[in-house]
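Colleague: As input, take run25.cif (mmCIF, C-alpha atoms, pLDDT in the B column; chains and numbers go by the auth columns):
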```cif
data_query
#
loop_
_atom_site.group_PDB
_atom_site.id
_atom_site.type_symbol
_atom_site.label_atom_id
_atom_site.label_comp_id
_atom_site.label_asym_id
_atom_site.label_seq_id
_atom_site.Cartn_x
_atom_site.Cartn_y
_atom_site.Cartn_z
_atom_site.B_iso_or_equiv
_atom_site.auth_seq_id
_atom_site.auth_asym_id
ATOM 1 C CA MET A 1 78.147 128.869 78.299 62.00 13 C
ATOM 2 C CA SER A 2 78.284 125.285 77.134 69.00 14 C
ATOM 3 C CA VAL A 3 77.208 122.136 78.859 71.00 15 C
ATOM 4 C CA THR A 4 79.018 118.951 78.178 73.00 16 C
ATOM 5 C CA ALA A 5 76.750 115.938 77.998 75.00 17 C
ATOM 6 C CA VAL A 6 77.900 112.907 79.922 76.00 18 C
ATOM 7 C CA PRO A 7 76.542 109.675 78.544 77.00 19 C
ATOM 8 C CA LEU A 8 74.667 107.512 81.048 73.00 20 C
ATOM 9 C CA ARG A 9 74.876 103.794 80.953 77.00 21 C
ATOM 10 C CA PRO A 10 71.571 102.179 80.146 77.00 22 C
ATOM 11 C CA VAL A 11 69.794 100.460 83.056 72.00 23 C
ATOM 12 C CA ARG A 12 69.232 96.782 82.587 78.00 24 C
ATOM 13 C CA ARG A 13 65.613 95.908 82.019 79.00 25 C
ATOM 14 C CA SER A 14 65.784 93.174 84.697 81.00 26 C
ATOM 15 C CA TYR A 15 66.677 95.807 87.316 78.00 27 C
ATOM 16 C CA LEU A 16 63.621 97.872 86.415 79.00 28 C
ATOM 17 C CA ILE A 17 61.386 94.830 86.667 86.00 29 C
ATOM 18 C CA TRP A 18 62.724 94.017 90.142 84.00 30 C
ATOM 19 C CA ILE A 19 62.211 97.615 91.268 85.00 31 C
ATOM 20 C CA TRP A 20 58.574 97.566 90.099 85.00 32 C
ATOM 21 C CA VAL A 21 57.988 94.188 91.763 86.00 33 C
ATOM 22 C CA ALA A 22 59.400 95.550 95.038 87.00 34 C
ATOM 23 C CA VAL A 23 57.184 98.667 94.827 88.00 35 C
ATOM 24 C CA ALA A 24 54.102 96.506 94.167 88.00 36 C
ATOM 25 C CA ALA A 25 54.986 94.204 97.093 87.00 37 C
ATOM 26 C CA ALA A 26 55.421 97.200 99.416 84.00 38 C
ATOM 27 C CA ILE A 27 51.979 98.501 98.427 85.00 39 C
ATOM 28 C CA VAL A 28 50.366 95.111 99.072 81.00 40 C
ATOM 29 C CA VAL A 29 52.057 94.783 102.487 74.00 41 C
ATOM 30 C CA ALA A 30 50.995 98.320 103.453 72.00 42 C
ATOM 31 C CA ALA A 31 47.393 97.605 102.451 69.00 43 C
ATOM 32 C CA LEU A 32 47.363 94.368 104.469 64.00 44 C
ATOM 33 C CA LEU A 33 48.747 96.103 107.544 59.00 45 C
ATOM 34 C CA ALA A 34 46.188 98.899 107.232 59.00 46 C
ATOM 35 C CA ARG A 35 43.348 96.356 107.124 58.00 47 C
ATOM 36 C CA GLN A 36 44.663 94.177 109.939 57.00 48 C
ATOM 37 C CA GLY A 37 42.091 95.445 112.483 52.00 49 C
ATOM 38 C CA ASP A 38 39.246 95.106 109.984 57.00 50 C
ATOM 39 C CA ALA A 39 40.312 91.523 109.293 62.00 51 C
ATOM 40 C CA ALA A 40 40.123 90.718 113.007 63.00 52 C
ATOM 41 C CA LEU A 41 36.604 92.150 113.201 65.00 53 C
ATOM 42 C CA VAL A 42 35.564 90.210 110.104 62.00 54 C
ATOM 43 C CA ARG A 43 36.884 86.993 111.713 66.00 55 C
ATOM 44 C CA GLU A 44 34.937 87.739 114.892 66.00 56 C
ATOM 45 C CA ALA A 45 31.748 88.437 112.935 63.00 57 C
ATOM 46 C CA ARG A 46 31.853 84.895 111.558 69.00 58 C
ATOM 47 C CA GLY A 47 32.059 83.404 115.056 77.00 59 C
ATOM 48 C CA PRO A 48 29.084 81.531 116.502 86.00 60 C
ATOM 49 C CA GLY A 49 26.576 83.806 118.243 90.00 61 C
ATOM 50 C CA VAL A 50 28.161 87.097 117.125 91.00 62 C
ATOM 51 C CA VAL A 51 25.651 89.744 116.022 92.00 63 C
ATOM 52 C CA THR A 52 26.633 92.814 113.969 91.00 64 C
ATOM 53 C CA THR A 53 24.506 95.979 114.172 93.00 65 C
ATOM 54 C CA ALA A 54 24.040 98.616 111.457 94.00 66 C
ATOM 55 C CA SER A 55 26.727 100.820 113.067 94.00 67 C
ATOM 56 C CA GLY A 56 29.316 98.028 112.884 92.00 68 C
ATOM 57 C CA LEU A 57 29.146 97.135 116.590 93.00 69 C
ATOM 58 C CA GLN A 58 29.604 93.413 117.115 93.00 70 C
ATOM 59 C CA TYR A 59 28.482 91.654 120.259 95.00 71 C
ATOM 60 C CA LYS A 60 28.164 88.195 121.687 94.00 72 C
ATOM 61 C CA VAL A 61 25.951 87.219 124.615 95.00 73 C
ATOM 62 C CA ILE A 62 28.043 85.348 127.165 94.00 74 C
ATOM 63 C CA GLU A 63 25.304 85.232 129.832 95.00 75 C
ATOM 64 C CA PRO A 64 21.789 86.405 128.899 93.00 76 C
ATOM 65 C CA GLY A 65 20.920 88.000 132.249 90.00 77 C
ATOM 66 C CA GLN A 66 17.483 88.363 133.804 88.00 78 C
ATOM 67 C CA GLY A 67 15.605 89.695 130.783 84.00 79 C
ATOM 68 C CA GLY A 68 13.315 92.654 131.221 88.00 80 C
ATOM 69 C CA PRO A 69 14.137 96.312 130.594 89.00 81 C
ATOM 70 C CA HIS A 70 17.370 97.637 129.116 92.00 82 C
ATOM 71 C CA PRO A 71 19.214 100.889 129.946 94.00 83 C
ATOM 72 C CA THR A 72 18.291 103.995 127.957 92.00 84 C
ATOM 73 C CA ALA A 73 20.366 106.995 126.883 92.00 85 C
ATOM 74 C CA THR A 74 19.503 108.841 130.114 90.00 86 C
ATOM 75 C CA ASP A 75 20.396 105.990 132.493 92.00 87 C
ATOM 76 C CA VAL A 76 23.517 105.291 134.506 92.00 88 C
ATOM 77 C CA ALA A 77 24.685 101.681 134.259 93.00 89 C
ATOM 78 C CA LEU A 78 26.605 99.929 137.029 93.00 90 C
ATOM 79 C CA ILE A 79 29.067 97.602 135.288 96.00 91 C
ATOM 80 C CA ASN A 80 32.179 95.495 135.614 96.00 92 C
ATOM 81 C CA TYR A 81 34.294 95.659 132.472 96.00 93 C
ATOM 82 C CA THR A 82 37.618 94.901 130.840 96.00 94 C
ATOM 83 C CA GLY A 83 38.750 96.913 127.802 94.00 95 C
ATOM 84 C CA ARG A 84 41.317 95.481 125.370 93.00 96 C
ATOM 85 C CA LEU A 85 42.868 96.309 122.051 92.00 97 C
ATOM 86 C CA ILE A 86 42.187 93.855 119.233 88.00 98 C
ATOM 87 C CA ASP A 87 45.598 92.229 119.880 88.00 99 C
ATOM 88 C CA GLY A 88 44.542 91.388 123.464 88.00 100 C
ATOM 89 C CA THR A 89 46.417 94.185 125.280 91.00 101 C
ATOM 90 C CA VAL A 90 44.324 95.261 128.299 94.00 102 C
ATOM 91 C CA PHE A 91 44.091 99.062 128.487 93.00 103 C
ATOM 92 C CA ASP A 92 41.525 99.318 131.296 93.00 104 C
ATOM 93 C CA LYS A 93 39.712 97.146 133.818 95.00 105 C
ATOM 94 C CA SER A 94 37.237 98.067 136.527 94.00 106 C
ATOM 95 C CA GLN A 95 38.439 97.195 140.021 93.00 107 C
ATOM 96 C CA GLN A 96 34.883 97.343 141.367 94.00 108 C
ATOM 97 C CA PRO A 97 31.481 97.984 139.794 93.00 109 C
ATOM 98 C CA ALA A 98 31.738 101.305 137.950 91.00 110 C
ATOM 99 C CA PRO A 99 28.841 103.710 137.266 90.00 111 C
ATOM 100 C CA MET A 100 28.667 104.696 133.584 90.00 112 C
ATOM 101 C CA PRO A 101 26.241 107.393 132.416 92.00 113 C
ATOM 102 C CA LEU A 102 25.244 106.243 128.911 93.00 114 C
ATOM 103 C CA SER A 103 25.163 109.870 127.798 91.00 115 C
ATOM 104 C CA GLY A 104 28.878 110.208 128.620 91.00 116 C
ATOM 105 C CA VAL A 105 30.506 107.146 127.043 93.00 117 C
ATOM 106 C CA LEU A 106 31.694 106.227 123.546 93.00 118 C
ATOM 107 C CA PRO A 107 28.844 105.938 121.022 93.00 119 C
ATOM 108 C CA GLY A 108 29.502 102.234 120.409 94.00 120 C
ATOM 109 C CA PHE A 109 29.761 101.517 124.136 94.00 121 C
ATOM 110 C CA ALA A 110 26.420 103.238 124.818 95.00 122 C
ATOM 111 C CA GLU A 111 24.805 101.339 121.927 96.00 123 C
ATOM 112 C CA ALA A 112 26.080 98.064 123.382 96.00 124 C
ATOM 113 C CA LEU A 113 24.894 98.801 126.943 96.00 125 C
ATOM 114 C CA LYS A 114 21.396 99.568 125.628 96.00 126 C
ATOM 115 C CA LEU A 115 21.215 95.974 124.337 95.00 127 C
ATOM 116 C CA MET A 116 21.850 94.392 127.748 95.00 128 C
ATOM 117 C CA PRO A 117 19.359 93.401 130.444 95.00 129 C
ATOM 118 C CA LYS A 118 20.366 93.340 134.128 94.00 130 C
ATOM 119 C CA GLY A 119 22.745 90.537 135.033 95.00 131 C
ATOM 120 C CA ALA A 120 23.910 89.991 131.445 96.00 132 C
ATOM 121 C CA LYS A 121 27.520 89.509 130.351 97.00 133 C
ATOM 122 C CA TYR A 122 28.411 90.496 126.786 97.00 134 C
ATOM 123 C CA ARG A 123 31.547 90.845 124.700 94.00 135 C
ATOM 124 C CA PHE A 124 31.585 93.890 122.399 92.00 136 C
ATOM 125 C CA TRP A 125 33.825 94.624 119.445 92.00 137 C
ATOM 126 C CA LEU A 126 33.839 98.355 118.642 93.00 138 C
ATOM 127 C CA PRO A 127 35.272 99.457 115.300 92.00 139 C
ATOM 128 C CA ALA A 128 37.315 102.653 115.605 92.00 140 C
ATOM 129 C CA LYS A 129 34.562 104.718 113.951 93.00 141 C
ATOM 130 C CA ILE A 130 32.238 104.146 116.960 94.00 142 C
ATOM 131 C CA GLY A 131 35.118 104.144 119.458 92.00 143 C
ATOM 132 C CA TYR A 132 37.821 106.794 119.729 93.00 144 C
ATOM 133 C CA GLY A 133 38.149 107.215 115.945 91.00 145 C
ATOM 134 C CA ASP A 134 41.391 108.771 114.763 92.00 146 C
ATOM 135 C CA LYS A 135 42.241 110.135 118.233 92.00 147 C
ATOM 136 C CA ALA A 136 44.637 108.490 120.672 91.00 148 C
ATOM 137 C CA ALA A 137 43.344 107.993 124.222 90.00 149 C
ATOM 138 C CA GLY A 138 46.007 107.073 126.758 89.00 150 C
ATOM 139 C CA ALA A 139 47.261 103.579 125.855 90.00 151 C
ATOM 140 C CA ILE A 140 44.806 103.383 122.950 93.00 152 C
ATOM 141 C CA PRO A 141 46.415 104.302 119.604 93.00 153 C
ATOM 142 C CA PRO A 142 44.433 106.217 116.955 93.00 154 C
ATOM 143 C CA ASN A 143 42.097 104.153 114.727 91.00 155 C
ATOM 144 C CA SER A 144 42.015 101.250 117.194 91.00 156 C
ATOM 145 C CA ASP A 145 39.281 98.657 117.231 91.00 157 C
ATOM 146 C CA LEU A 146 38.346 97.828 120.824 93.00 158 C
ATOM 147 C CA VAL A 147 37.063 94.740 122.651 93.00 159 C
ATOM 148 C CA PHE A 148 35.096 94.990 125.892 95.00 160 C
ATOM 149 C CA ASP A 149 33.874 92.279 128.239 95.00 161 C
ATOM 150 C CA VAL A 150 31.011 93.831 130.192 96.00 162 C
ATOM 151 C CA GLU A 151 28.724 92.659 132.993 96.00 163 C
ATOM 152 C CA LEU A 152 25.653 94.859 133.558 96.00 164 C
ATOM 153 C CA ILE A 153 24.882 94.684 137.265 95.00 165 C
ATOM 154 C CA ASP A 154 22.119 97.293 137.383 93.00 166 C
ATOM 155 C CA PHE A 155 21.034 100.647 135.965 92.00 167 C
ATOM 156 C CA ILE A 156 19.047 103.627 137.169 89.00 168 C
ATOM 157 C CA PRO A 157 17.874 106.875 135.577 82.00 169 C
ATOM 158 C CA GLU A 158 20.478 109.637 135.807 79.00 170 C
ATOM 159 C CA ALA A 159 17.942 111.926 137.547 79.00 171 C
ATOM 160 C CA VAL A 160 17.558 109.370 140.367 82.00 172 C
ATOM 161 C CA LEU A 161 21.350 109.171 140.750 77.00 173 C
ATOM 162 C CA ARG A 162 21.595 112.985 140.930 80.00 174 C
ATOM 163 C CA GLN A 163 18.849 113.032 143.561 85.00 175 C
ATOM 164 C CA MET A 164 20.666 110.361 145.588 82.00 176 C
ATOM 165 C CA GLN A 165 23.909 112.341 145.345 80.00 177 C
ATOM 166 C CA ALA A 166 22.166 115.531 146.452 85.00 178 C
ATOM 167 C CA GLN A 167 20.772 113.743 149.491 85.00 179 C
ATOM 168 C CA GLN A 168 24.189 112.288 150.254 83.00 180 C
ATOM 169 C CA SER A 169 25.863 115.704 150.034 83.00 181 C
ATOM 170 C CA MET A 170 23.256 117.182 152.391 84.00 182 C
ATOM 171 C CA MET A 171 24.168 114.464 154.850 81.00 183 C
ATOM 172 C CA GLY A 172 27.876 115.364 154.576 70.00 184 C
ATOM 173 C CA GLY A 173 28.785 113.003 151.727 56.00 185 C
ATOM 174 C CA GLY A 174 30.584 113.700 148.439 50.00 186 C
ATOM 175 C CA ALA A 175 30.496 116.711 146.153 47.00 187 C
ATOM 176 C CA PRO A 176 27.083 117.602 144.703 43.00 188 C
ATOM 177 C CA GLY A 177 26.626 116.559 141.098 42.00 189 C
ATOM 178 C CA ALA A 178 29.716 114.359 141.052 43.00 190 C
ATOM 179 C CA ILE A 179 29.388 110.922 139.590 42.00 191 C
ATOM 180 C CA PRO A 180 31.312 108.399 141.665 38.00 192 C
ATOM 181 C CA GLY A 181 33.996 106.209 140.121 38.00 193 C
ATOM 182 C CA GLY A 182 35.433 107.049 136.737 38.00 194 C
ATOM 183 C CA ALA A 183 38.741 105.311 136.184 39.00 195 C
ATOM 184 C CA PRO A 184 41.252 106.476 133.553 41.00 196 C
ATOM 185 C CA GLY A 185 40.562 104.923 130.183 47.00 197 C
ATOM 186 C CA VAL A 186 36.857 104.543 130.931 48.00 198 C
ATOM 187 C CA PRO A 187 34.965 104.792 127.676 55.00 199 C
ATOM 188 C CA SER A 188 34.196 108.482 127.335 52.00 200 C
ATOM 189 C CA PRO A 189 32.777 110.596 124.523 47.00 201 C
ATOM 190 C CA ARG A 190 35.078 111.942 121.827 40.00 202 C
#
```
Turn the structure described in the file into structure tokens.

Modeller:
Amino acid sequence: MSVTAVPLRPVRRSYLIWIWVAVAAAIVVAALLARQGDAALVREARGPGVVTTASGLQYKVIEPGQGGPHPTATDVALINYTGRLIDGTVFDKSQQPAPMPLSGVLPGFAEALKLMPKGAKYRFWLPAKIGYGDKAAGAIPPNSDLVFDVELIDFIPEAVLRQMQAQQSMMGGGAPGAIPGGAPGVPSPR
């Protein structure tokens, strides 16, 4: 069996250069798009009054509140909040004060609530790694950095809330052990 060789025309060197330039430009654009959320967080970190913690959480005190104690990991916080994507798209907003057990929310959200005294209003920027990570959550795409505006109205120990709920259920109230509220999109653990 014989194979007949067909001569190929040589490719102009200028074409190869343009192809390599286009490949390099595509790589640069892809890298910039991948870092877009990080760039927004870096811009926010340079803003006046923004504090960055070791975990990457960024927060700004809008109203300092009453001072005094802060919620702990075993408390339930009563808050008003608005959750947005870094581009400003609102994915959740409380319609009334919502109870949030710190043990049942996103790690970054719990860290942020522990910084607040009663009556305070803060803005939090949560990098994806302390938010939902690489998982999608409703309207929140994977690897999304999140922004929350939060007002801490009050907080109580979870045991006290459970006791109050037990008393309410004995008096014909809601289901025992149920935590009231809980809107879709509320910051929950992974």

Colleague: Which one is closest to Ala149 in chain C: C:Val172, C:Phe103, C:Pro109, C:Gly116? Count all atoms listed in the file.

Modeller: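 Of C:Val172, C:Phe103, C:Pro109, C:Gly116, the one nearest Ala149 in chain C is C:Phe103, counting all atoms listed in the file.
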
Colleague: Under the PyMOL selection byres ((chain C and resi 132-135) around 9), which residues of this model are included? Write them out as an MDAnalysis selection string.

Modeller: chainID C and resid 70:79 124 128:131 136:137 159:165

Colleague: Measuring between only C-alpha atoms, which one of C:Ile152, C:Ala85, C:Ala171, C:Leu127 shows the shortest distance to Val63 in chain C?

Modeller: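 Of all the options, C:Leu127 lies closest to Val63 in chain C.
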
Colleague: I need the residue set behind the PyMOL selection byres ((chain C and resi 90) around 10) for this file; please write it as a list in words.

Modeller: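 Applied to this file, the PyMOL selection byres ((chain C and resi 90) around 10) returns Asp87, Val88, Ala89, Ile91, Asn92, Tyr93, Gln108, Pro109, Ala110, Pro111, Met112, Pro113, Lys130, Glu163, Leu164, Ile165, Asp166, Phe167 and Ile168 of chain C.
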
Colleague: In Å to one decimal, how far is CA of Phe121 in chain C from CA of Ser106 in chain C?

Modeller: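 It comes out at 14.9 Å.
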
Colleague: Please measure the separation of CA of Arg24 in chain C and CA of Ala42 in chain C, giving the value in Å to one decimal.

Modeller: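 Pair CA of Arg24 in chain C / CA of Ala42 in chain C returns 27.8 Å.
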
Colleague: Applied to this file, what does the PyMOL selection byres ((chain C and resi 84) around 9) return in terms of residues, put as an NGL selection string?

Modeller: :C and (82-83 or 85-88 or 114 or 122 or 125-126 or 169)

Colleague: Can you measure CA of Leu158 in chain C to CA of Pro60 in chain C for me? One decimal in Å is fine.

Modeller: 19.2 Å

Colleague: Can you pull out the residues contacting Ala66 in chain C? Cut-off 12 Å, using only C-alpha atoms, and skip same-chain residues under 4 positions away; I want them as an MDAnalysis selection string.

Modeller: chainID C and resid 70 120 123 139 142
